[in-house]
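Please read the structure below before turning to the comments.
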Amino acid sequence: MNSKAAKLVFGVALICVLTTGFLRAQNAATLSGTVKDASGSAVPDAKVSVKNVTTGQSTESQTDAAGLYTVPNLAPGDYDVSVSAAGFDVKTTRVTLGGEARQTQDLTLATAQTQPQAPTPPGTNPTPTPEENLPNAPSSSKTEPSLQDLGLSQADTQANAKQQALLDKRTHMLKIHQRMGLITLAPLIATVILGPGAGGKSEGSTTRDLHVALGAVTGDLYGITAWYAIRAPKIKGTPKRGPIRFHEAMAWIHGPGMILTPIAGALAFEQKNNGEKLHGLASLHGPIAIVTAGAFGAALLSVSVKF
């Protein structure tokens with residue numbers, strides 16, 4: 001292998017290492033927030049437990065004098081966050097950590113309600129409460145009302161469960177879509193870098209062969225990335241923020257570009273091998289590839305970096 005080819009291979013390897021490091025950095029998240037009581041005052045020395053729903057692993061933390069807590073180095077996924085403090089009821093909520101480097105979850109604790117009962121004199125039956133006299137009163141052994149007690153029918157609760165499952169599936173598929181996009185970025189950049197030296201009459205050109213191979217890998221990874229976005233369940237009524245709108249708009253540029261780029265490249269290579277001057281679609285191979293890579297990078301950046 002000559003020195004030029006060695007430099008190209010080294011450059012591709014360096015891009016892959018940098019992209020892998022960036023991807024790993026994206027997988028670490030920090031959860032923080034403030035714990036307050038019903039009046040809005042901070043609750044110091046509250047115990048905060050963050051449990052990964054999938055692995056069952058728990059991480060403990062404690063609020064400071066201002067009621068602040070921080071739990072770093074959390075992998076993306078679903079977590080049960082439990083907060084307990086003296087004089088308050090335990091508060092538990094479900095949090096989903098995505099690609100954001102830092103996520104905030106504030107919690108409000110309710111004051112514990114304790115009602116001591118007077119002792120019952122010997123030989124007498126306790127007086128039933130009005131609730132116990134009701135024929136259809138909920139069982140007093142319950143610590144909290146069920147969804148049916150709150151007026152929700154069984155059909156309503158089943159519909160909510162299905163909606164949550166659909167939302168969880170969409171979130172999971174879009175996370176894979178984002179990670180595959182980051183992986184695709186490495187061969188895409190390398191392919192564009194090798195583009196200027198990939199043409200010519202030489203059938204044994206190392207640069208050309210590497211350019212074609214990286215282009216094929218890029219196309220395959222891009223197809224997988226797009227599949228997860230297209231097949232992710234659609235949730236009606238879900239608002240789309242500015243970055244998401246921009247991300248989808250860029251897809252209308254890099255999507256057709258990923259189809260036109262290899263077609264124009266094949267025509268360009270054939271024309272150069274025949275000793276012809278590039279013309280027609282072949283002459284646009286380079287500009288199309290650059291615009292496609294730029295749109296893909298902008299789309300990826302819009303959902304991977306929090307501004």
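As shown in the structure tokens, the chain order sets the letters A, B, ...; within each chain, residues go from 1, and ligands are also counted from 1 in the order they appear.
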For stretch 101-116 of chain A: contacts at 10 Å, only C-alpha atoms, fewer than 2 positions along chain excluded, given as an NGL selection string: :A and (25-43 or 46 or 67-74 or 76 or 81-99 or 118-119 or 304-306)
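Rounded to one decimal, atom CA of A:Asn52 and atom CA of A:Val303 lie 23.8 Å from each other.
You can rank A:Leu221, A:Ala289, A:Ile230, A:Leu267 by their closest distance to A:His254 using only C-alpha atoms, and at the top of that list sits A:Ala289.
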Nearest to A:Phe269 by atom-to-atom distance, counting only C-alpha atoms, from A:Lys169, A:Ser302, A:Pro196, A:Val291: A:Pro196
Spatial neighbours of A:Leu281, 10 Å, only C-alpha atoms, chain gap at least 4 places, as a ChimeraX atom specification: /A:260-261,263-265,267-268,285,288
Residues near A:Thr225, cut-off 6 Å, only C-alpha atoms, skip fewer than 4 positions along chain, as a VMD selection string: chain A and resid 177 180 to 181
